[in-house]
$ cat entry_28.txt   # compact mmCIF, C-alpha atoms and all ligand atoms
# COMPACT_ATOMS: atom_id res chain seq x y z
CA MET I 1 8.18 -17.93 -21.23
CA LEU I 2 10.93 -16.89 -18.90
CA HIS I 3 9.69 -15.40 -15.67
CA ALA I 4 11.97 -13.56 -13.36
CA CYS I 5 11.95 -13.00 -9.67
CA VAL I 6 12.61 -9.43 -8.76
CA GLY I 7 14.60 -8.92 -5.61
CA MET I 8 16.58 -6.06 -4.29
CA SER I 9 20.08 -6.53 -3.03
CA SER I 10 20.19 -4.81 0.32
CA ARG I 11 23.94 -4.29 0.02
CA ASP I 12 24.11 -2.07 -3.04
CA ASN I 13 20.41 -1.41 -3.66
CA SER I 14 20.62 -2.99 -7.10
CA ILE I 15 17.97 -5.12 -8.74
CA MET I 16 18.54 -8.84 -8.96
CA LEU I 17 16.75 -10.82 -11.61
CA THR I 18 16.85 -14.52 -10.99
CA PRO I 19 15.24 -17.26 -13.07
CA HIS I 20 11.82 -18.35 -11.93
CA ARG I 21 11.95 -21.32 -9.62
CA LYS I 22 9.77 -22.79 -6.96
CA THR I 23 11.87 -20.92 -4.44
CA CYS I 24 10.25 -17.75 -5.77
CA LYS I 25 7.24 -18.69 -3.69
CA ARG I 26 8.86 -17.38 -0.55
CA TYR I 27 6.46 -15.07 1.12
CA ASP I 28 8.03 -12.36 3.22
CA ILE I 29 11.66 -11.79 2.35
CA PRO I 30 13.24 -8.35 2.76
CA GLY I 31 13.96 -6.87 -0.67
CA GLU I 32 10.90 -8.31 -2.38
CA PRO I 33 8.21 -5.91 -3.58
CA HIS I 34 4.74 -6.46 -2.14
CA PHE I 35 1.35 -5.31 -3.36
CA LEU I 36 -0.85 -4.89 -0.28
CA THR I 37 -4.56 -4.19 0.00
CA PHE I 38 -6.58 -3.78 3.15
CA SER I 39 -10.10 -2.54 3.84
CA CYS I 40 -12.07 -0.75 6.50
CA PHE I 41 -14.41 -2.74 8.71
CA LYS I 42 -17.47 -3.87 6.74
CA ARG I 43 -16.02 -1.80 3.89
CA LEU I 44 -17.40 1.33 5.54
CA PRO I 45 -15.99 4.55 4.00
CA LEU I 46 -14.01 5.39 7.14
CA LEU I 47 -11.26 6.99 5.06
CA ASN I 48 -13.45 9.50 3.26
CA ARG I 49 -12.36 12.50 5.31
CA ASP I 50 -9.08 14.35 5.07
CA ARG I 51 -8.74 13.87 8.82
CA SER I 52 -8.56 10.07 8.60
CA ARG I 53 -6.44 10.23 5.45
CA ASP I 54 -3.95 12.34 7.36
CA TRP I 55 -3.87 9.67 10.06
CA MET I 56 -3.11 7.14 7.34
CA THR I 57 -0.18 9.06 5.79
CA GLN I 58 1.21 9.74 9.27
CA ALA I 59 0.88 6.06 10.11
CA ILE I 60 2.89 5.14 7.01
CA ARG I 61 5.61 7.56 8.14
CA LEU I 62 5.55 6.06 11.62
CA ALA I 63 5.83 2.51 10.25
CA ARG I 64 8.81 3.55 8.15
CA SER I 65 10.59 4.98 11.17
CA LYS I 66 10.13 1.67 13.01
CA ALA I 67 10.96 -0.76 10.20
CA PRO I 68 12.66 0.39 7.02
CA PHE I 69 10.88 -0.03 3.69
CA ASP I 70 10.90 1.60 0.29
CA LEU I 71 7.53 3.03 -0.62
CA TRP I 72 6.84 2.77 -4.36
CA ALA I 73 3.16 3.63 -4.59
CA TYR I 74 -0.01 3.95 -2.55
CA VAL I 75 -3.57 5.12 -2.74
CA ILE I 76 -5.97 5.90 0.09
CA MET I 77 -9.50 5.20 -1.13
CA PRO I 78 -12.62 5.90 0.97
CA GLU I 79 -12.85 2.33 2.25
CA HIS I 80 -9.57 0.65 1.33
CA VAL I 81 -5.86 1.22 0.88
CA HIS I 82 -3.32 -0.12 -1.62
CA LEU I 83 0.40 -0.04 -0.89
CA ILE I 84 3.37 -1.14 -2.97
CA LEU I 85 6.44 -1.39 -0.79
CA VAL I 86 9.73 -3.19 -0.39
CA PRO I 87 10.79 -4.19 3.13
CA ARG I 88 14.46 -3.51 3.88
CA GLU I 89 16.86 -5.17 6.25
CA ASP I 90 14.85 -7.30 8.67
CA ALA I 91 11.55 -5.47 8.27
CA ARG I 92 8.53 -7.76 8.08
CA ILE I 93 5.27 -7.08 6.28
CA ALA I 94 3.22 -8.20 9.28
CA SER I 95 4.83 -5.71 11.64
CA ILE I 96 4.69 -2.88 9.09
CA LEU I 97 0.96 -3.48 8.64
CA THR I 98 0.35 -3.80 12.36
CA THR I 99 2.00 -0.44 13.01
CA ILE I 100 0.02 1.29 10.25
CA LYS I 101 -3.33 -0.23 11.15
CA GLN I 102 -3.00 0.18 14.92
CA SER I 103 -1.94 3.80 14.63
CA VAL I 104 -4.93 4.75 12.45
CA SER I 105 -7.32 2.65 14.48
CA LYS I 106 -6.29 4.17 17.83
CA ARG I 107 -6.60 7.71 16.57
CA ALA I 108 -9.93 7.00 14.89
CA LEU I 109 -11.44 5.41 18.00
CA ASN I 110 -10.22 8.25 20.17
CA TRP I 111 -11.69 10.79 17.80
CA LEU I 112 -15.02 8.98 17.58
CA LYS I 113 -15.32 8.57 21.35
CA ASN I 114 -14.73 12.28 21.86
CA ASN I 115 -16.59 13.71 18.88
CA SER I 116 -19.07 11.25 17.46
CA PRO I 117 -19.86 8.47 19.95
CA GLU I 118 -23.22 7.83 18.26
CA PHE I 119 -21.28 6.35 15.32
CA LEU I 120 -19.46 3.73 17.41
CA PRO I 121 -22.16 1.01 17.21
CA GLN I 122 -21.56 0.88 13.43
CA ILE I 123 -18.03 -0.37 13.97
CA GLU I 124 -18.79 -2.70 16.83
CA ASP I 125 -17.64 -6.22 16.10
CA VAL I 126 -19.17 -9.10 18.01
CA GLN I 127 -17.05 -12.23 17.80
CA PRO I 128 -18.51 -15.74 17.88
CA ASN I 129 -17.47 -16.02 21.55
CA GLY I 130 -19.51 -12.93 22.34
CA LYS I 131 -16.51 -10.64 22.83
CA ARG I 132 -17.23 -7.11 21.66
CA SER I 133 -14.76 -4.59 20.31
CA PHE I 134 -14.62 -1.63 17.97
CA ARG I 135 -12.89 -2.26 14.68
CA PHE I 136 -11.56 0.25 12.18
CA TRP I 137 -10.10 -2.40 9.85
CA GLN I 138 -11.56 -5.48 8.32
CA ARG I 139 -10.56 -8.56 10.26
CA GLY I 140 -7.64 -10.54 8.81
CA GLY I 141 -4.48 -9.42 7.11
CA GLY I 142 -5.99 -8.25 3.84
CA TYR I 143 -4.42 -9.13 0.52
CA ASP I 144 -0.65 -9.53 0.07
CA ARG I 145 0.96 -10.46 -3.23
CA ASN I 146 4.61 -10.53 -4.24
CA LEU I 147 5.45 -8.63 -7.43
CA ARG I 148 7.79 -10.84 -9.38
CA SER I 149 8.60 -8.96 -12.56
CA VAL I 150 9.42 -5.42 -13.61
CA ARG I 151 6.33 -5.49 -15.80
CA ASP I 152 4.17 -6.60 -12.89
CA ILE I 153 5.55 -3.79 -10.73
CA HIS I 154 4.75 -1.11 -13.29
CA GLU I 155 1.31 -2.52 -14.02
CA LYS I 156 0.45 -2.47 -10.33
CA ILE I 157 1.78 1.06 -9.78
CA ARG I 158 -0.44 2.19 -12.63
CA TYR I 159 -3.37 0.23 -11.26
CA VAL I 160 -2.94 1.83 -7.82
CA HIS I 161 -2.85 5.35 -9.28
CA GLN I 162 -5.87 4.65 -11.49
CA ASN I 163 -8.10 3.63 -8.56
CA PRO I 164 -9.72 7.06 -7.98
CA VAL I 165 -10.16 7.55 -11.74
CA THR I 166 -11.86 4.16 -12.16
CA ARG I 167 -14.19 5.14 -9.33
CA GLU I 168 -14.82 8.49 -11.04
CA LEU I 169 -13.67 10.44 -8.01
CA VAL I 170 -11.27 12.47 -10.17
CA GLU I 171 -10.42 12.86 -13.83
CA ARG I 172 -6.68 12.25 -13.71
CA PRO I 173 -4.70 10.13 -11.22
CA SER I 174 -2.66 13.14 -10.06
CA ASP I 175 -5.87 15.00 -9.17
CA TRP I 176 -6.32 12.60 -6.25
CA GLU I 177 -4.45 14.14 -3.37
CA TRP I 178 -4.29 10.87 -1.41
CA SER I 179 -2.05 8.77 -3.61
CA SER I 180 1.50 8.78 -4.91
CA ALA I 181 0.34 9.73 -8.43
CA SER I 182 1.24 13.42 -8.20
CA ALA I 183 4.52 12.64 -6.43
CA TRP I 184 5.34 10.36 -9.36
CA GLU I 185 4.39 13.01 -11.90
CA SER I 186 6.19 15.92 -10.29
CA SER I 187 8.99 14.13 -8.43
CA GLY I 188 7.64 15.89 -5.36
CA ASP I 189 7.29 14.29 -1.95
CA SER I 190 3.83 15.33 -0.87
CA PRO I 191 2.04 14.03 1.06
CA LEU I 192 4.66 11.24 1.33
CA PRO I 193 8.09 10.78 -0.24
CA ILE I 194 8.30 7.95 -2.77
CA ASP I 195 11.44 5.87 -3.32
CA ARG I 196 11.39 6.12 -7.08
CA LYS I 197 15.11 5.54 -7.39
CA SER I 198 14.78 1.93 -6.34
CA VAL I 199 11.89 1.17 -8.70
CA PRO I 200 13.27 -0.97 -11.54
CA VAL I 201 12.99 0.72 -14.92
CA LEU I 202 11.10 -0.94 -17.77
CA THR I 203 13.65 -2.01 -20.36
CA ASN I 204 13.36 -2.68 -24.10
CA LEU I 205 12.32 -6.20 -23.20
CA ASP I 206 9.16 -4.70 -21.79
CA ALA I 207 8.76 -2.16 -24.58
CA ASP I 208 5.43 -3.52 -25.78
CA ILE I 209 4.08 -3.29 -22.26
CA ALA I 210 5.62 0.13 -21.78
CA SER I 211 3.74 1.48 -24.78
CA ASP I 212 0.53 -0.02 -23.36
CA LEU I 213 1.18 1.82 -20.12
CA MET I 214 1.68 5.15 -21.86
CA GLN I 215 -1.78 5.07 -23.43
NI NI G 301 -8.75 -0.58 -5.12
$ encode --input "entry_28.txt" --output "structure tokens" --more "lines below"
Ligand code: NI
Amino acid sequence: MLHACVGMSSRDNSIMLTPHRKTCKRYDIPGEPHFLTFSCFKRLPLLNRDRSRDWMTQAIRLARSKAPFDLWAYVIMPEHVHLILVPREDARIASILTTIKQSVSKRALNWLKNNSPEFLPQIEDVQPNGKRSFRFWQRGGGYDRNLRSVRDIHEKIRYVHQNPVTRELVERPSDWEWSSASAWESSGDSPLPIDRKSVPVLTNLDADIASDLMQ
């Protein structure tokens, strides 16, 4: 079976399909789509209020203004976040994630200190060396996977949008206000604009998969 690496040419924004080789295993190259997942500390539902979800969407905007990336899909779940994005130019996944996580974390800690200090012990992290700190996010970078085929990209976008339905939080993906599902359905840009134009289209080659996705 022929696999293909999906990359985006930064010059003309076109899709490049190159035969699968070992070199596809590169990790963080601008132009390559990434599927990212990260969780709240101890998987606490720290993102179950509109307030913290707003911080999250604003943090994504902030990260975009610092390092360019195309945003293809996202979902903010009560205790975790999925993002599908494509770094542009010299943007790096690590710095994009740092900006997003730090922004949310700072605002959350500030809010808690001022409004709900009794909650702080729940997010106190004691490291093996005894150092104590408050953590909004689970330690470590989370999960980062390259999406290497058009099929893979569309499957993951669908998976991301289905998250709240699978969890029975809503009936249809677009009913969940905190994902890109309704922006995809309506071509709108609320609460965040999505770069649909750069998402590769499923071709006839993927027709069987496409019909699966429509079901
Ligand atoms: Ni999930």
$ atom_distance --input "entry_28.txt" --atom1 "CA of Gly140 (chain I)" --atom2 "CA of Gln162 (chain I)"
25.4 Å
$ atom_distance --input "entry_28.txt" --atom1 "CA of Ser116 (chain I)" --atom2 "CA of Phe38 (chain I)"
24.2 Å
$ residues_around --input "entry_28.txt" --residues "Thr98 (chain I)" --least-positions-apart "2" --cutoff "12 Å" --atoms "all atoms listed in the file" --output "list of chain:residue names"
I:Phe38, I:Ala59, I:Ile60, I:Leu62, I:Ala63, I:Arg64, I:Lys66, I:Ala67, I:Arg92, I:Ile93, I:Ala94, I:Ser95, I:Ile96, I:Ile100, I:Lys101, I:Gln102, I:Ser103, I:Val104, I:Ser105, I:Lys106, I:Trp137, I:Gly140, I:Gly141, I:Gly142
$ residues_near_ligand --input "entry_28.txt" --ligand "ligand NI 301 (chain G)" --cutoff "9 Å" --atoms "only C-alpha atoms and all ligand atoms" --output "list of chain:residue names"
I:Thr37, I:Val75, I:Ile76, I:Met77, I:Glu79, I:His80, I:Val81, I:His82, I:Tyr159, I:Val160, I:Gln162, I:Asn163, I:Pro164, I:Arg167
$ atom_distance --input "entry_28.txt" --atom1 "CA of Trp176 (chain I)" --atom2 "CA of Asp189 (chain I)"
14.4 Å
$ closest_residue --input "entry_28.txt" --among "I:Leu36, I:Asp152, I:Phe69, I:Tyr74" --to "Asp90 (chain I)" --atoms "all atoms listed in the file"
I:Phe69
$ residues_around --input "entry_28.txt" --residues "Leu109 (chain I)" --least-positions-apart "3" --cutoff "10 Å" --atoms "only C-alpha atoms" --output "ChimeraX atom specification"
/I:104-106,112-117,120,123,134-136
$ residues_around --input "entry_28.txt" --residues "Pro68 (chain I)" --least-positions-apart "5" --cutoff "8 Å" --atoms "all atoms listed in the file" --output "list in words"
Ala63, Pro87, Arg88, Glu89 and Ala91 of chain I
$ closest_residue --input "entry_28.txt" --among "I:Glu118, I:Asp54, I:Asp125, I:Asp70" --to "Ser179 (chain I)" --atoms "only C-alpha atoms"
I:Asp54
$ axis_aligned_box --input "entry_28.txt" --around "region 44-57 of chain I" --padding-each-side "4 Å" --output "AutoDock Vina command-line options"
--center_x -8.8 --center_y 7.8 --center_z 6.7 --size_x 25.2 --size_y 21.0 --size_z 14.8
$ decode --input "entry_28.txt" --residues "region 131-156 of chain I" --atoms "N, CA and C atoms" --output "short mmCIF file (atom, residue, chain, number, x, y, z; two decimals), in the first residue's frame"
data_model
loop_
_atom_site.label_atom_id
_atom_site.label_comp_id
_atom_site.auth_asym_id
_atom_site.auth_seq_id
_atom_site.Cartn_x
_atom_site.Cartn_y
_atom_site.Cartn_z
N LYS I 131 9.69 20.49 45.69
CA LYS I 131 9.26 21.80 45.20
C LYS I 131 7.75 21.80 44.93
N ARG I 132 7.08 22.83 45.39
CA ARG I 132 5.64 22.91 45.23
C ARG I 132 5.27 23.99 44.22
N SER I 133 4.26 23.69 43.39
CA SER I 133 3.76 24.71 42.49
C SER I 133 2.32 24.37 42.14
N PHE I 134 1.61 25.36 41.61
CA PHE I 134 0.25 25.11 41.14
C PHE I 134 0.31 24.80 39.66
N ARG I 135 -0.41 23.79 39.26
CA ARG I 135 -0.40 23.37 37.85
C ARG I 135 -1.80 23.37 37.28
N PHE I 136 -1.97 24.01 36.14
CA PHE I 136 -3.25 23.91 35.42
C PHE I 136 -3.21 22.70 34.49
N TRP I 137 -2.04 22.49 33.87
CA TRP I 137 -1.91 21.43 32.85
C TRP I 137 -1.15 20.22 33.38
N GLN I 138 -1.50 19.10 32.86
CA GLN I 138 -0.77 17.88 33.14
C GLN I 138 0.69 18.08 32.77
N ARG I 139 1.56 17.56 33.60
CA ARG I 139 2.99 17.67 33.31
C ARG I 139 3.33 16.95 32.00
N GLY I 140 4.34 17.45 31.29
CA GLY I 140 4.75 16.82 30.03
C GLY I 140 4.06 17.49 28.86
N GLY I 141 4.48 17.14 27.68
CA GLY I 141 4.02 17.85 26.49
C GLY I 141 2.68 17.39 25.95
N GLY I 142 2.12 16.32 26.52
CA GLY I 142 0.89 15.78 25.95
C GLY I 142 1.20 14.86 24.78
N TYR I 143 0.25 14.75 23.88
CA TYR I 143 0.35 13.80 22.78
C TYR I 143 0.48 14.59 21.48
N ASP I 144 1.43 14.24 20.65
CA ASP I 144 1.67 14.96 19.39
C ASP I 144 1.91 13.94 18.29
N ARG I 145 1.04 13.95 17.28
CA ARG I 145 1.20 12.99 16.19
C ARG I 145 1.11 13.72 14.86
N ASN I 146 2.01 13.37 13.95
CA ASN I 146 1.93 13.92 12.60
C ASN I 146 0.81 13.23 11.83
N LEU I 147 0.07 14.00 11.04
CA LEU I 147 -0.96 13.42 10.17
C LEU I 147 -0.36 13.30 8.77
N ARG I 148 -0.29 12.09 8.27
CA ARG I 148 0.52 11.85 7.09
C ARG I 148 -0.27 11.55 5.83
N SER I 149 -1.59 11.53 5.92
CA SER I 149 -2.36 11.33 4.69
C SER I 149 -3.62 12.17 4.76
N VAL I 150 -4.19 12.43 3.59
CA VAL I 150 -5.42 13.21 3.51
C VAL I 150 -6.52 12.50 4.30
N ARG I 151 -6.55 11.18 4.15
CA ARG I 151 -7.53 10.36 4.86
C ARG I 151 -7.39 10.52 6.37
N ASP I 152 -6.15 10.44 6.82
CA ASP I 152 -5.84 10.58 8.24
C ASP I 152 -6.33 11.95 8.76
N ILE I 153 -6.06 12.98 7.98
CA ILE I 153 -6.46 14.34 8.37
C ILE I 153 -7.98 14.41 8.56
N HIS I 154 -8.71 13.90 7.59
CA HIS I 154 -10.17 13.99 7.67
C HIS I 154 -10.75 13.11 8.77
N GLU I 155 -10.14 11.96 8.98
CA GLU I 155 -10.58 11.10 10.08
C GLU I 155 -10.39 11.80 11.42
N LYS I 156 -9.25 12.48 11.57
CA LYS I 156 -8.96 13.12 12.85
C LYS I 156 -9.84 14.35 13.07
#
